[in-house]
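**Student:** Pasting model.cif below, which is mmCIF, C-alpha atoms and all ligand atoms.
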```cif
data_coords
#
loop_
_atom_site.label_atom_id
_atom_site.label_comp_id
_atom_site.auth_asym_id
_atom_site.auth_seq_id
_atom_site.Cartn_x
_atom_site.Cartn_y
_atom_site.Cartn_z
CA MET A 1 -50.56 -158.10 124.14
CA LYS A 2 -49.56 -155.84 127.03
CA ASN A 3 -52.50 -154.98 129.29
CA ILE A 4 -53.65 -151.38 129.16
CA GLN A 5 -52.87 -149.59 132.43
CA SER A 6 -54.36 -146.47 133.97
CA ILE A 7 -52.50 -143.19 133.37
CA ARG A 8 -49.59 -142.45 135.73
CA GLY A 9 -50.80 -140.61 138.82
CA ILE A 10 -54.44 -141.25 137.88
CA HIS A 11 -55.77 -144.11 139.95
CA ASP A 12 -58.74 -146.41 140.18
CA SER A 13 -60.50 -146.27 143.52
CA LEU A 14 -61.05 -149.84 144.65
CA PRO A 15 -63.68 -150.94 147.21
CA ASN A 16 -61.19 -150.84 150.12
CA ASP A 17 -60.82 -147.09 149.49
CA THR A 18 -64.29 -146.25 148.21
CA ILE A 19 -65.80 -147.55 151.44
CA TYR A 20 -63.84 -144.77 153.19
CA PHE A 21 -64.71 -142.22 150.51
CA GLN A 22 -68.42 -142.93 150.91
CA TYR A 23 -68.16 -142.77 154.67
CA ILE A 24 -66.27 -139.46 154.64
CA GLU A 25 -68.47 -137.92 151.94
CA ASN A 26 -71.65 -138.81 153.85
CA ILE A 27 -70.33 -137.38 157.10
CA PHE A 28 -69.08 -134.26 155.30
CA LYS A 29 -72.44 -133.73 153.56
CA ASN A 30 -74.39 -134.07 156.81
CA LEU A 31 -71.97 -131.86 158.68
CA VAL A 32 -71.94 -128.96 156.22
CA SER A 33 -75.72 -129.23 155.84
CA ASN A 34 -75.99 -128.83 159.60
CA TYR A 35 -74.01 -125.60 159.29
CA GLY A 36 -76.41 -124.38 156.56
CA TYR A 37 -74.30 -125.06 153.45
CA HIS A 38 -75.93 -126.10 150.17
CA GLU A 39 -74.41 -128.28 147.50
CA ILE A 40 -73.25 -126.85 144.20
CA ARG A 41 -72.22 -129.25 141.39
CA LEU A 42 -69.73 -127.72 139.06
CA PRO A 43 -68.34 -128.75 135.67
CA ILE A 44 -65.04 -130.56 135.48
CA LEU A 45 -64.10 -128.67 132.32
CA GLU A 46 -63.84 -124.88 132.30
CA TYR A 47 -62.33 -122.33 129.96
CA THR A 48 -58.63 -122.06 130.76
CA VAL A 49 -58.86 -118.31 131.19
CA LEU A 50 -60.93 -118.82 134.35
CA PHE A 51 -57.96 -120.38 136.12
CA LEU A 52 -55.44 -117.96 134.61
CA GLN A 53 -57.43 -115.05 135.98
CA SER A 54 -57.97 -116.49 139.44
CA ILE A 55 -55.19 -118.83 140.57
CA GLY A 56 -52.33 -116.56 139.54
CA LYS A 57 -49.93 -116.73 136.63
CA THR A 58 -46.84 -117.37 138.73
CA THR A 59 -48.19 -120.37 140.63
CA ASP A 60 -47.07 -123.96 140.04
CA VAL A 61 -50.66 -124.94 139.32
CA ILE A 62 -50.84 -122.56 136.36
CA ASN A 63 -47.26 -122.90 135.17
CA LYS A 64 -46.73 -126.61 135.37
CA GLU A 65 -49.74 -128.57 136.45
CA MET A 66 -52.82 -127.84 134.40
CA TYR A 67 -54.27 -130.32 131.93
CA THR A 68 -55.13 -127.96 129.12
CA PHE A 69 -56.14 -128.69 125.55
CA VAL A 70 -57.70 -126.98 122.57
CA ASP A 71 -61.08 -128.43 121.59
CA LYS A 72 -62.50 -128.74 118.06
CA ASN A 73 -63.85 -125.18 118.23
CA LYS A 74 -60.35 -123.96 119.09
CA ASN A 75 -61.41 -123.12 122.64
CA LYS A 76 -58.76 -123.49 125.31
CA ILE A 77 -60.19 -125.83 127.92
CA THR A 78 -58.77 -127.05 131.25
CA LEU A 79 -59.60 -129.94 133.56
CA ARG A 80 -60.26 -128.09 136.80
CA PRO A 81 -57.28 -128.10 139.18
CA GLU A 82 -59.42 -126.82 142.08
CA GLY A 83 -63.01 -125.91 142.91
CA THR A 84 -63.07 -122.29 144.06
CA ALA A 85 -62.64 -120.65 140.66
CA GLY A 86 -65.51 -122.64 139.12
CA CYS A 87 -67.69 -121.96 142.14
CA ILE A 88 -67.15 -118.21 141.83
CA ARG A 89 -67.67 -118.32 138.07
CA ALA A 90 -71.02 -120.07 138.64
CA THR A 91 -71.98 -117.62 141.39
CA ILE A 92 -71.42 -114.67 139.08
CA GLN A 93 -72.99 -116.34 136.04
CA HIS A 94 -76.18 -117.26 137.91
CA LYS A 95 -76.25 -114.10 140.03
CA LEU A 96 -76.37 -116.18 143.21
CA LEU A 97 -75.31 -113.23 145.33
CA TYR A 98 -78.04 -111.00 143.94
CA LYS A 99 -80.60 -111.95 146.57
CA LYS A 100 -78.65 -113.47 149.42
CA LYS A 101 -75.26 -114.44 150.76
CA GLN A 102 -74.28 -118.02 150.12
CA ARG A 103 -72.83 -120.95 151.99
CA LEU A 104 -71.93 -123.58 149.39
CA PHE A 105 -70.17 -126.92 149.33
CA TYR A 106 -68.92 -129.21 146.59
CA MET A 107 -67.18 -132.54 146.14
CA GLY A 108 -65.43 -134.06 143.17
CA PRO A 109 -62.31 -134.78 141.15
CA MET A 110 -59.54 -132.24 140.51
CA PHE A 111 -56.58 -132.58 138.16
CA ARG A 112 -53.00 -131.39 138.59
CA ARG A 113 -50.00 -132.71 136.72
CA GLU A 114 -47.82 -133.02 139.81
CA ARG A 115 -45.05 -135.55 140.35
CA PRO A 116 -47.00 -138.58 141.61
CA GLN A 117 -46.13 -139.93 145.05
CA LYS A 118 -48.00 -141.11 148.13
CA GLY A 119 -50.77 -138.61 148.83
CA ARG A 120 -50.03 -136.65 145.66
CA TYR A 121 -51.91 -137.68 142.56
CA ARG A 122 -52.77 -136.26 139.18
CA GLN A 123 -56.44 -136.91 139.70
CA PHE A 124 -57.59 -136.47 143.28
CA HIS A 125 -60.80 -135.52 145.01
CA GLN A 126 -61.65 -132.52 147.11
CA LEU A 127 -64.43 -131.74 149.55
CA GLY A 128 -64.78 -127.99 149.61
CA ALA A 129 -66.87 -125.21 151.08
CA GLU A 130 -67.15 -121.55 150.10
CA VAL A 131 -68.87 -118.78 152.03
CA LEU A 132 -69.74 -115.89 149.76
CA GLY A 133 -70.75 -112.36 150.71
CA TYR A 134 -69.76 -112.60 154.37
CA GLU A 135 -67.08 -110.39 155.83
CA GLY A 136 -65.08 -110.66 159.02
CA PRO A 137 -63.20 -113.11 161.19
CA LYS A 138 -66.19 -115.07 162.47
CA ILE A 139 -66.75 -116.73 159.10
CA ASP A 140 -63.07 -117.68 158.94
CA ILE A 141 -63.56 -119.23 162.36
CA GLU A 142 -66.69 -121.05 161.20
CA LEU A 143 -64.69 -122.72 158.43
CA ILE A 144 -62.00 -123.77 160.88
CA VAL A 145 -64.39 -124.99 163.55
CA LEU A 146 -66.36 -126.96 160.98
CA THR A 147 -63.26 -128.77 159.74
CA PHE A 148 -62.12 -129.34 163.32
CA ARG A 149 -65.46 -131.00 164.03
CA LEU A 150 -64.99 -133.19 160.96
CA TRP A 151 -61.61 -134.45 162.22
CA LYS A 152 -63.21 -135.23 165.57
CA ILE A 153 -66.08 -137.16 164.00
CA LEU A 154 -63.59 -139.09 161.87
CA LYS A 155 -61.46 -139.70 165.01
CA ILE A 156 -58.27 -138.30 163.46
CA ASN A 157 -58.07 -135.00 165.35
CA LYS A 158 -55.00 -136.33 167.22
CA TYR A 159 -53.05 -136.44 163.96
CA ILE A 160 -54.00 -133.11 162.40
CA PHE A 161 -52.64 -129.69 163.36
CA LEU A 162 -53.85 -126.25 162.46
CA GLU A 163 -51.44 -123.68 161.07
CA ILE A 164 -52.67 -120.17 160.44
CA ASN A 165 -51.23 -117.04 158.98
CA PHE A 166 -52.55 -113.60 158.20
CA ILE A 167 -51.32 -112.04 154.99
CA GLY A 168 -53.29 -108.80 155.25
CA SER A 169 -54.92 -106.77 152.53
CA ASN A 170 -53.48 -106.55 149.03
CA LYS A 171 -51.89 -103.24 149.97
CA GLU A 172 -50.15 -104.63 153.03
CA TYR A 173 -49.12 -107.73 151.14
CA LYS A 174 -47.62 -105.73 148.27
CA LYS A 175 -45.56 -103.68 150.72
CA TYR A 176 -44.31 -106.85 152.35
CA GLU A 177 -43.61 -108.48 149.01
CA LYS A 178 -41.44 -105.54 148.02
CA GLU A 179 -39.38 -105.83 151.22
CA LEU A 180 -39.08 -109.56 150.80
CA THR A 181 -37.85 -109.19 147.23
CA THR A 182 -35.20 -106.71 148.32
CA PHE A 183 -34.13 -109.07 151.13
CA PHE A 184 -33.84 -112.11 148.88
CA GLN A 185 -32.05 -110.11 146.18
CA LYS A 186 -29.32 -109.42 148.70
CA HIS A 187 -28.82 -113.20 149.03
CA GLU A 188 -29.35 -114.00 145.39
CA ASN A 189 -26.07 -115.87 145.00
CA HIS A 190 -27.46 -118.65 147.24
CA PHE A 191 -30.41 -119.34 145.00
CA ASN A 192 -30.77 -121.45 141.87
CA GLU A 193 -32.51 -120.25 138.71
CA ASP A 194 -35.92 -121.47 139.81
CA TYR A 195 -35.67 -119.55 143.08
CA LYS A 196 -34.35 -116.47 141.31
CA LYS A 197 -37.50 -116.52 139.21
CA ARG A 198 -39.58 -116.77 142.37
CA ILE A 199 -37.78 -113.78 143.89
CA LYS A 200 -38.96 -111.80 140.92
CA ASN A 201 -42.45 -113.20 140.54
CA ASN A 202 -43.61 -114.41 143.91
CA PRO A 203 -41.01 -114.16 146.70
CA MET A 204 -43.34 -115.45 149.39
CA ARG A 205 -43.29 -118.81 147.68
CA ILE A 206 -39.67 -119.20 148.78
CA LEU A 207 -40.71 -119.10 152.43
CA ASP A 208 -42.17 -122.61 152.57
CA THR A 209 -39.17 -124.21 150.89
CA LYS A 210 -38.00 -127.67 151.94
CA ASN A 211 -34.47 -126.88 150.75
CA LEU A 212 -32.36 -126.99 153.92
CA ASP A 213 -29.47 -125.10 152.25
CA ILE A 214 -31.44 -121.87 152.20
CA LYS A 215 -33.42 -122.31 155.40
CA HIS A 216 -30.96 -120.16 157.35
CA ILE A 217 -31.60 -117.26 154.97
CA ILE A 218 -35.34 -117.59 155.38
CA ASP A 219 -34.97 -117.50 159.16
CA ASP A 220 -33.79 -113.90 158.83
CA ALA A 221 -36.36 -112.84 156.24
CA PRO A 222 -38.94 -110.19 157.13
CA ILE A 223 -42.31 -111.58 158.21
CA ILE A 224 -45.73 -110.42 157.11
CA THR A 225 -46.90 -109.77 160.68
CA ASP A 226 -44.62 -106.72 160.83
CA PHE A 227 -46.38 -105.18 157.84
CA LEU A 228 -49.94 -105.40 159.12
CA ASN A 229 -51.86 -102.27 160.02
CA GLU A 230 -53.95 -101.83 163.15
CA LYS A 231 -57.18 -103.08 161.53
CA SER A 232 -55.51 -106.27 160.32
CA ARG A 233 -53.89 -106.89 163.68
CA ILE A 234 -57.26 -106.59 165.41
CA TYR A 235 -58.78 -108.97 162.85
CA PHE A 236 -56.08 -111.57 163.40
CA THR A 237 -56.19 -111.20 167.18
CA ASN A 238 -59.93 -111.71 167.00
CA ILE A 239 -59.37 -115.00 165.18
CA CYS A 240 -56.74 -116.20 167.64
CA ASN A 241 -58.90 -115.27 170.64
CA CYS A 242 -61.86 -117.10 169.20
CA LEU A 243 -59.76 -120.22 168.51
CA ASP A 244 -58.59 -120.10 172.14
CA LEU A 245 -62.17 -119.78 173.29
CA LEU A 246 -63.15 -122.80 171.21
CA ASN A 247 -60.18 -124.78 172.49
CA ILE A 248 -58.83 -125.36 169.02
CA PRO A 249 -55.04 -125.70 169.17
CA TYR A 250 -53.14 -123.83 166.44
CA THR A 251 -49.72 -122.58 165.45
CA ILE A 252 -49.18 -119.20 163.89
CA ASN A 253 -46.88 -119.86 160.97
CA PRO A 254 -45.72 -116.60 159.35
CA TYR A 255 -44.15 -118.69 156.57
CA LEU A 256 -47.40 -120.38 155.64
CA VAL A 257 -48.03 -119.72 151.96
CA ARG A 258 -50.92 -121.05 149.93
CA GLY A 259 -50.27 -122.34 146.43
CA LEU A 260 -53.07 -120.25 144.94
CA ASP A 261 -52.74 -116.50 144.58
CA TYR A 262 -56.27 -115.35 145.29
CA TYR A 263 -55.98 -115.50 149.07
CA ASN A 264 -55.69 -112.52 151.40
CA TYR A 265 -56.21 -111.85 155.11
CA THR A 266 -56.64 -115.22 156.90
CA ILE A 267 -55.03 -118.33 155.47
CA PHE A 268 -54.89 -121.72 157.15
CA GLU A 269 -53.86 -125.29 156.64
CA TRP A 270 -54.58 -128.47 158.54
CA VAL A 271 -51.42 -130.57 158.29
CA THR A 272 -50.31 -134.02 159.38
CA TYR A 273 -46.87 -135.47 160.14
CA ASN A 274 -48.31 -138.92 160.25
CA LEU A 275 -47.96 -139.89 156.60
CA GLY A 276 -44.23 -139.42 156.23
CA SER A 277 -43.21 -135.83 155.73
CA LYS A 278 -45.49 -132.91 156.57
CA LEU A 279 -48.57 -133.06 154.38
CA ALA A 280 -51.57 -130.72 154.11
CA ILE A 281 -54.94 -132.38 154.51
CA CYS A 282 -56.96 -129.21 154.11
CA GLY A 283 -56.21 -125.68 152.98
CA GLY A 284 -58.27 -122.56 152.99
CA GLY A 285 -58.65 -118.92 153.73
CA ARG A 286 -60.19 -115.67 152.70
CA TYR A 287 -60.23 -114.37 149.14
CA ASN A 288 -62.03 -111.04 149.29
CA HIS A 289 -61.18 -109.86 145.78
CA LEU A 290 -61.69 -112.96 143.68
CA ILE A 291 -65.34 -112.33 142.83
CA GLU A 292 -64.50 -108.85 141.61
CA LYS A 293 -61.46 -110.14 139.73
CA LEU A 294 -63.65 -112.58 137.83
CA GLY A 295 -66.08 -109.85 136.82
CA GLY A 296 -68.60 -109.89 139.68
CA LYS A 297 -69.58 -107.16 142.09
CA GLU A 298 -67.10 -106.73 144.93
CA ASN A 299 -67.97 -109.23 147.64
CA PRO A 300 -65.96 -110.82 150.43
CA ALA A 301 -65.54 -114.59 150.47
CA ALA A 302 -63.70 -117.44 152.17
CA GLY A 303 -63.44 -121.20 151.79
CA PHE A 304 -61.48 -124.40 152.21
CA ALA A 305 -60.75 -127.62 150.36
CA ILE A 306 -59.96 -131.02 151.87
CA GLY A 307 -58.08 -133.74 150.00
CA LEU A 308 -60.17 -136.89 150.16
CA GLU A 309 -57.33 -139.33 149.39
CA ARG A 310 -55.01 -137.86 152.02
CA LEU A 311 -57.79 -137.94 154.59
CA THR A 312 -58.44 -141.57 153.71
CA LEU A 313 -54.75 -142.46 154.05
CA LEU A 314 -54.71 -140.87 157.47
CA MET A 315 -57.78 -142.75 158.62
CA GLN A 316 -56.55 -146.06 157.22
CA LYS A 317 -53.23 -145.63 158.97
CA ASN A 318 -54.56 -144.66 162.38
CA ASN A 319 -57.95 -146.07 163.09
CA SER A 320 -57.21 -149.73 163.56
CA ASN A 321 -60.40 -150.01 165.61
CA TYR A 322 -62.18 -148.30 162.81
CA ILE A 323 -62.51 -151.29 160.54
CA PHE A 324 -65.43 -150.91 158.25
CA CYS A 325 -67.88 -153.70 158.68
CA LYS A 326 -67.86 -155.39 155.33
CA SER A 327 -69.79 -158.42 156.49
CA THR A 328 -72.89 -159.76 154.83
CA ASP A 329 -76.06 -160.09 156.87
CA ILE A 330 -77.74 -162.82 154.87
CA TYR A 331 -76.36 -165.17 152.23
CA ILE A 332 -78.98 -167.19 150.37
CA ILE A 333 -77.92 -170.56 149.02
CA SER A 334 -80.09 -172.91 146.99
CA SER A 335 -79.69 -176.27 145.32
CA ASN A 336 -78.66 -176.26 141.66
CA ASP A 337 -82.12 -176.23 140.23
CA ASP A 338 -83.47 -173.32 138.21
CA SER A 339 -86.87 -173.24 139.90
CA ILE A 340 -85.27 -173.26 143.38
CA LYS A 341 -82.91 -170.44 142.33
CA ASN A 342 -86.00 -168.45 141.33
CA LYS A 343 -87.42 -169.14 144.79
CA ALA A 344 -84.16 -167.82 146.27
CA ILE A 345 -84.58 -164.57 144.33
CA LEU A 346 -88.21 -164.31 145.49
CA LEU A 347 -87.14 -164.93 149.08
CA SER A 348 -84.43 -162.26 148.92
CA GLU A 349 -86.89 -159.71 147.50
CA TYR A 350 -89.46 -160.65 150.16
CA ILE A 351 -86.92 -160.02 152.94
CA ARG A 352 -85.71 -156.76 151.31
CA ASN A 353 -89.32 -155.49 151.17
CA ILE A 354 -89.80 -155.97 154.89
CA LEU A 355 -86.26 -155.51 156.25
CA PRO A 356 -84.58 -153.09 153.82
CA SER A 357 -81.64 -152.37 156.12
CA LEU A 358 -80.20 -155.88 155.78
CA GLN A 359 -77.52 -156.65 153.24
CA ILE A 360 -78.48 -159.78 151.32
CA ILE A 361 -76.45 -161.66 148.72
CA VAL A 362 -77.94 -164.49 146.66
CA ASN A 363 -75.60 -167.19 145.40
CA TYR A 364 -76.47 -168.40 141.86
CA ASP A 365 -73.49 -170.76 141.34
CA ASN A 366 -73.89 -174.31 140.09
CA LYS A 367 -71.54 -175.70 142.71
CA ASN A 368 -71.98 -178.14 145.56
CA LEU A 369 -73.27 -176.93 148.92
CA LYS A 370 -69.88 -177.14 150.60
CA LYS A 371 -68.40 -174.70 148.08
CA LYS A 372 -71.35 -172.37 148.52
CA PHE A 373 -70.80 -172.34 152.29
CA ILE A 374 -67.13 -171.51 151.66
CA GLN A 375 -68.32 -168.53 149.62
CA ALA A 376 -70.67 -167.51 152.45
CA ASN A 377 -67.71 -167.50 154.82
CA LYS A 378 -65.62 -165.45 152.40
CA HIS A 379 -68.38 -162.82 152.47
CA LYS A 380 -68.19 -162.79 156.29
CA THR A 381 -71.80 -163.88 156.43
CA LYS A 382 -73.83 -163.88 159.61
CA ILE A 383 -76.86 -165.86 158.46
CA VAL A 384 -77.18 -168.42 155.67
CA LEU A 385 -80.65 -169.27 154.37
CA LEU A 386 -80.63 -172.56 152.53
CA LEU A 387 -83.36 -173.60 150.10
CA ASP A 388 -83.29 -177.17 148.95
CA LYS A 389 -85.65 -178.95 146.62
CA GLU A 390 -87.13 -181.35 149.16
CA LYS A 391 -87.83 -178.84 151.95
CA GLU A 392 -88.99 -176.17 149.52
CA LYS A 393 -92.02 -178.34 148.64
CA THR A 394 -93.33 -177.68 152.17
CA GLN A 395 -92.00 -174.08 152.21
CA LEU A 396 -89.32 -174.98 154.73
CA ILE A 397 -86.04 -173.10 154.81
CA THR A 398 -82.86 -173.87 156.74
CA LEU A 399 -81.49 -170.94 158.72
CA LYS A 400 -77.87 -171.32 159.81
CA ASN A 401 -76.21 -168.78 162.05
CA LEU A 402 -72.53 -168.85 161.03
CA ILE A 403 -71.50 -166.94 164.15
CA THR A 404 -73.10 -169.26 166.72
CA ASN A 405 -73.28 -172.31 164.43
CA GLU A 406 -76.91 -172.81 165.41
CA GLN A 407 -79.19 -174.21 162.75
CA LYS A 408 -82.99 -174.41 162.54
CA ILE A 409 -85.54 -175.37 159.99
CA LEU A 410 -88.26 -172.76 159.67
CA HIS A 411 -91.42 -172.27 157.71
CA LYS A 412 -91.12 -169.36 155.27
CA ASN A 413 -93.65 -167.41 157.37
CA GLU A 414 -91.35 -167.57 160.40
CA ILE A 415 -88.28 -166.20 158.64
CA ILE A 416 -88.93 -162.50 159.16
CA LYS A 417 -89.70 -162.91 162.86
CA ASN A 418 -86.43 -164.80 163.34
CA LEU A 419 -84.37 -162.33 161.34
CA LYS A 420 -85.85 -159.41 163.29
CA PHE A 421 -84.80 -161.13 166.49
CA ILE A 422 -81.28 -161.99 165.27
CA PHE A 423 -80.58 -158.52 163.84
CA ASN A 424 -82.37 -156.67 166.62
CA LEU A 425 -84.75 -154.93 164.23
P1 LIG A 501 -55.18 -126.71 147.56
O1 LIG A 501 -56.33 -126.56 146.59
O2 LIG A 501 -53.84 -126.75 146.88
O3 LIG A 501 -55.26 -125.77 148.68
O4 LIG A 501 -55.33 -128.16 148.19
C1 LIG A 501 -56.31 -128.47 149.15
C2 LIG A 501 -56.11 -129.90 149.56
O5 LIG A 501 -56.26 -130.77 148.44
C3 LIG A 501 -54.71 -130.21 150.08
O6 LIG A 501 -54.60 -129.87 151.43
C4 LIG A 501 -54.61 -131.70 149.83
O7 LIG A 501 -55.21 -132.42 150.86
C5 LIG A 501 -55.39 -131.89 148.56
N1 LIG A 501 -54.50 -131.96 147.38
C6 LIG A 501 -53.97 -130.94 146.70
N2 LIG A 501 -53.22 -131.40 145.67
C7 LIG A 501 -53.28 -132.74 145.73
C8 LIG A 501 -52.74 -133.80 144.94
N3 LIG A 501 -51.98 -133.57 143.89
N4 LIG A 501 -53.02 -135.08 145.29
C9 LIG A 501 -53.80 -135.35 146.36
N5 LIG A 501 -54.35 -134.39 147.13
C10 LIG A 501 -54.10 -133.12 146.83
#
```
Take the structure in this file and express it as structure tokens.
**Tutor:**
Amino acid sequence: MKNIQSIRGIHDSLPNDTIYFQYIENIFKNLVSNYGYHEIRLPILEYTVLFLQSIGKTTDVINKEMYTFVDKNKNKITLRPEGTAGCIRATIQHKLLYKKKQRLFYMGPMFRRERPQKGRYRQFHQLGAEVLGYEGPKIDIELIVLTFRLWKILKINKYIFLEINFIGSNKEYKKYEKELTTFFQKHENHFNEDYKKRIKNNPMRILDTKNLDIKHIIDDAPIITDFLNEKSRIYFTNICNCLDLLNIPYTINPYLVRGLDYYNYTIFEWVTYNLGSKLAICGGGRYNHLIEKLGGKENPAAGFAIGLERLTLLMQKNNSNYIFCKSTDIYIISSNDDSIKNKAILLSEYIRNILPSLQIIVNYDNKNLKKKFIQANKHKTKIVLLLDKEKEKTQLITLKNLITNEQKILHKNEIIKNLKFIFNL
């Protein structure tokens, strides 16, 4: 019978990756907590209409990528493709903005039926933050500076670059969109059917094309910056000045487009060129009308989402000195006798009670001692504790340091003192 495989684009996370995931998630949690963000845990399933109303009907996510099905009650349900919509739905449903503004963060799986390739999966994980109720450029800066700090802590700041754009208010954007449509219509004969549809529905989405044949047309296209009013210009200048002040390098990319329609004013992406072609590690921006659009009271908001798998790929590729220590502190071996194996369990629990930071593995195999030592080496063990039947009668235990090759025979009562010394505890 053919073995059952996981679904295409939906992967298992094996220990070599999960060790990075745990590391990143812990650092992210501590970092956002330090900035005053609180965790929100959101459902993976939502009513489809939530995404239709927020992400935008002409986006790829809505048109091609959502996992949607009808449940037994004939409700249209979708596996969440992103976290912001659910977060805003929850905020409105639980009236979170009634008493105070919110700084929230979340982590978890997202689902998009994209064409699978390196760094692009159908189930992937995001670490996200949303700031709700706060207006103005300083919050946009806070989101950027927070992510910048994360890259520094993870030692990948050398490989990630900030691109920002300012797409103005809805009014400014609409005016620009109209101009852009007119411009592209003039060059319509260069575009295929898919692009012609975009000209009609969402012309800005042509700007970030990878199609070299039409790049020369885009170079002459109007840019959003020319359609911003005085207030918007001041806002954007404020952001740029603050980034300069904070020494955060950035590029203004007037062609930067986000794949989700709810954004306005500031948008940004942290991208890398280090994993093949240009790839976004984190995307975010302001979405001042989304809360209102989903039925809440008008309230400004901004946020970002980081792709955990892409971040992991980047770290794995670049931090050769950043090898996670997967060694075992103590490996307990005993002779093949049930009562001695019980003693080994007791010993491991005794050490765990007093020295909980040590990683201890007990070997229960019925193999000879040589094979058990081979196992200890495979686990990159530092210290082996050996219990054999004869010595156990007088509570003696052999301690072998596999790094220095030193060996001593100790009374059980001396074990903790020795381990404290060896592990500097
Ligand atoms: P978005 O919600 O589209 O702004 O995406 C935010 C981040 O999630 C991106 O910058 C990526 O790092 C990550 N991401 C988005 N789509 C995928 C995917 N299909 N596979 C892996 N990571 C993704």
**Student:** Let me make sure I understand: among A:Leu180, A:Leu399, A:Ile77, A:Ile24, which one has the smallest atom-to-atom distance to Val49 (chain A) if we use all atoms listed in the file?
**Tutor:**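 Looking only at the distances to Val49 (chain A), the closest residue turns out to be A:Ile77.
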**Student:** Within 6 Å of ligand LIG 501 (chain A), counting all atoms listed in the file, which protein or nucleic acid residues do you find, written as a list in words?
**Tutor:**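 Those within range of ligand LIG 501 (chain A) are Glu82, Arg112, Glu114, Gly119, Arg120, Tyr121, Arg122, Phe124, Gln126, Gly259, Ala280, Ile281, Cys282, Gly283, Ala305, Ile306, Gly307 and Arg310 of chain A.
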**Student:** From the set A:His187, A:Asn288, A:Lys378, A:Met107, which residue has the shortest atom-to-atom contact distance to Gln22 (chain A), counting all atoms listed in the file?
**Tutor:**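 The shortest atom-to-atom distance to Gln22 (chain A) comes from A:Met107.
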**Student:** Quick one: residues within 8 Å of region 358-361 of chain A, all atoms listed in the file, excluding same-chain residues fewer than 4 positions away - as a short mmCIF file (atom, residue, chain, number, x, y, z; two decimals) with C-alpha atoms, in the frame of the given file?
**Tutor:**
```
data_model
loop_
_atom_site.label_atom_id
_atom_site.label_comp_id
_atom_site.auth_asym_id
_atom_site.auth_seq_id
_atom_site.Cartn_x
_atom_site.Cartn_y
_atom_site.Cartn_z
CA THR A 328 -72.89 -159.76 154.83
CA ASP A 329 -76.06 -160.09 156.87
CA ILE A 330 -77.74 -162.82 154.87
CA TYR A 331 -76.36 -165.17 152.23
CA ILE A 332 -78.98 -167.19 150.37
CA SER A 348 -84.43 -162.26 148.92
CA ARG A 352 -85.71 -156.76 151.31
#
```
**Student:** For CA of Lys391 (chain A) and CA of Leu419 (chain A), quote the distance in Å rounded to one decimal.
**Tutor:**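 Going from CA of Lys391 (chain A) over to CA of Leu419 (chain A), I get 19.3 Å.
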**Student:** Using Å and a single decimal, report how far CA of Asn63 (chain A) sits from CA of Asn264 (chain A).
**Tutor:**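 CA of Asn63 (chain A) lies 21.0 Å from CA of Asn264 (chain A).
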**Student:** If we count only C-alpha atoms and set the cut-off at 12 Å, which residues sit around Asn336 (chain A), ignoring sequence neighbours fewer than 6 positions away in its own chain? Please answer as a list in words.
**Tutor:** Asn342, Lys343, Ala344, Asn363, Tyr364, Asp365, Asn366, Lys367, Asn368, Leu369, Lys372, Leu386, Leu387, Asp388 and Lys389 of chain A
**Student:** Of the residues A:His38, A:Lys178, A:Lys231, A:Lys57, which is the one nearest to Met204 (chain A), using all atoms listed in the file?
**Tutor:**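 Smallest distance to Met204 (chain A) is found for A:Lys178.
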**Student:** Please return as a count of residues only every residue within 6 Å of (-87.8, -173.1, 154.2), taking into account only C-alpha atoms and the file's own coordinates.
**Tutor:** 8
**Student:** What would region 369-377 of chain A look like with N, CA and C atoms restored, written as an mmCIF file, in the coordinates of the input?
**Tutor:**
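As written to disk, selection-v8.cif reads:
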```
data_model
loop_
_atom_site.group_PDB
_atom_site.id
_atom_site.type_symbol
_atom_site.label_atom_id
_atom_site.label_comp_id
_atom_site.auth_asym_id
_atom_site.auth_seq_id
_atom_site.Cartn_x
_atom_site.Cartn_y
_atom_site.Cartn_z
ATOM 1 N N LEU A 369 -72.924 -177.758 147.752
ATOM 2 C CA LEU A 369 -73.270 -176.930 148.920
ATOM 3 C C LEU A 369 -72.051 -176.524 149.729
ATOM 4 N N LYS A 370 -71.077 -177.434 149.802
ATOM 5 C CA LYS A 370 -69.880 -177.140 150.600
ATOM 6 C C LYS A 370 -69.188 -175.878 150.032
ATOM 7 N N LYS A 371 -69.069 -175.855 148.704
ATOM 8 C CA LYS A 371 -68.400 -174.700 148.080
ATOM 9 C C LYS A 371 -69.205 -173.419 148.301
ATOM 10 N N LYS A 372 -70.523 -173.575 148.311
ATOM 11 C CA LYS A 372 -71.350 -172.370 148.520
ATOM 12 C C LYS A 372 -71.190 -171.846 149.963
ATOM 13 N N PHE A 373 -71.035 -172.785 150.908
ATOM 14 C CA PHE A 373 -70.800 -172.340 152.290
ATOM 15 C C PHE A 373 -69.425 -171.664 152.418
ATOM 16 N N ILE A 374 -68.462 -172.161 151.639
ATOM 17 C CA ILE A 374 -67.130 -171.510 151.660
ATOM 18 C C ILE A 374 -67.274 -170.059 151.172
ATOM 19 N N GLN A 375 -68.081 -169.891 150.126
ATOM 20 C CA GLN A 375 -68.320 -168.530 149.620
ATOM 21 C C GLN A 375 -68.985 -167.652 150.696
ATOM 22 N N ALA A 376 -69.966 -168.258 151.388
ATOM 23 C CA ALA A 376 -70.670 -167.510 152.450
ATOM 24 C C ALA A 376 -69.672 -167.030 153.498
ATOM 25 N N ASN A 377 -68.729 -167.886 153.836
ATOM 26 C CA ASN A 377 -67.710 -167.500 154.820
ATOM 27 C C ASN A 377 -66.814 -166.392 154.292
#
```
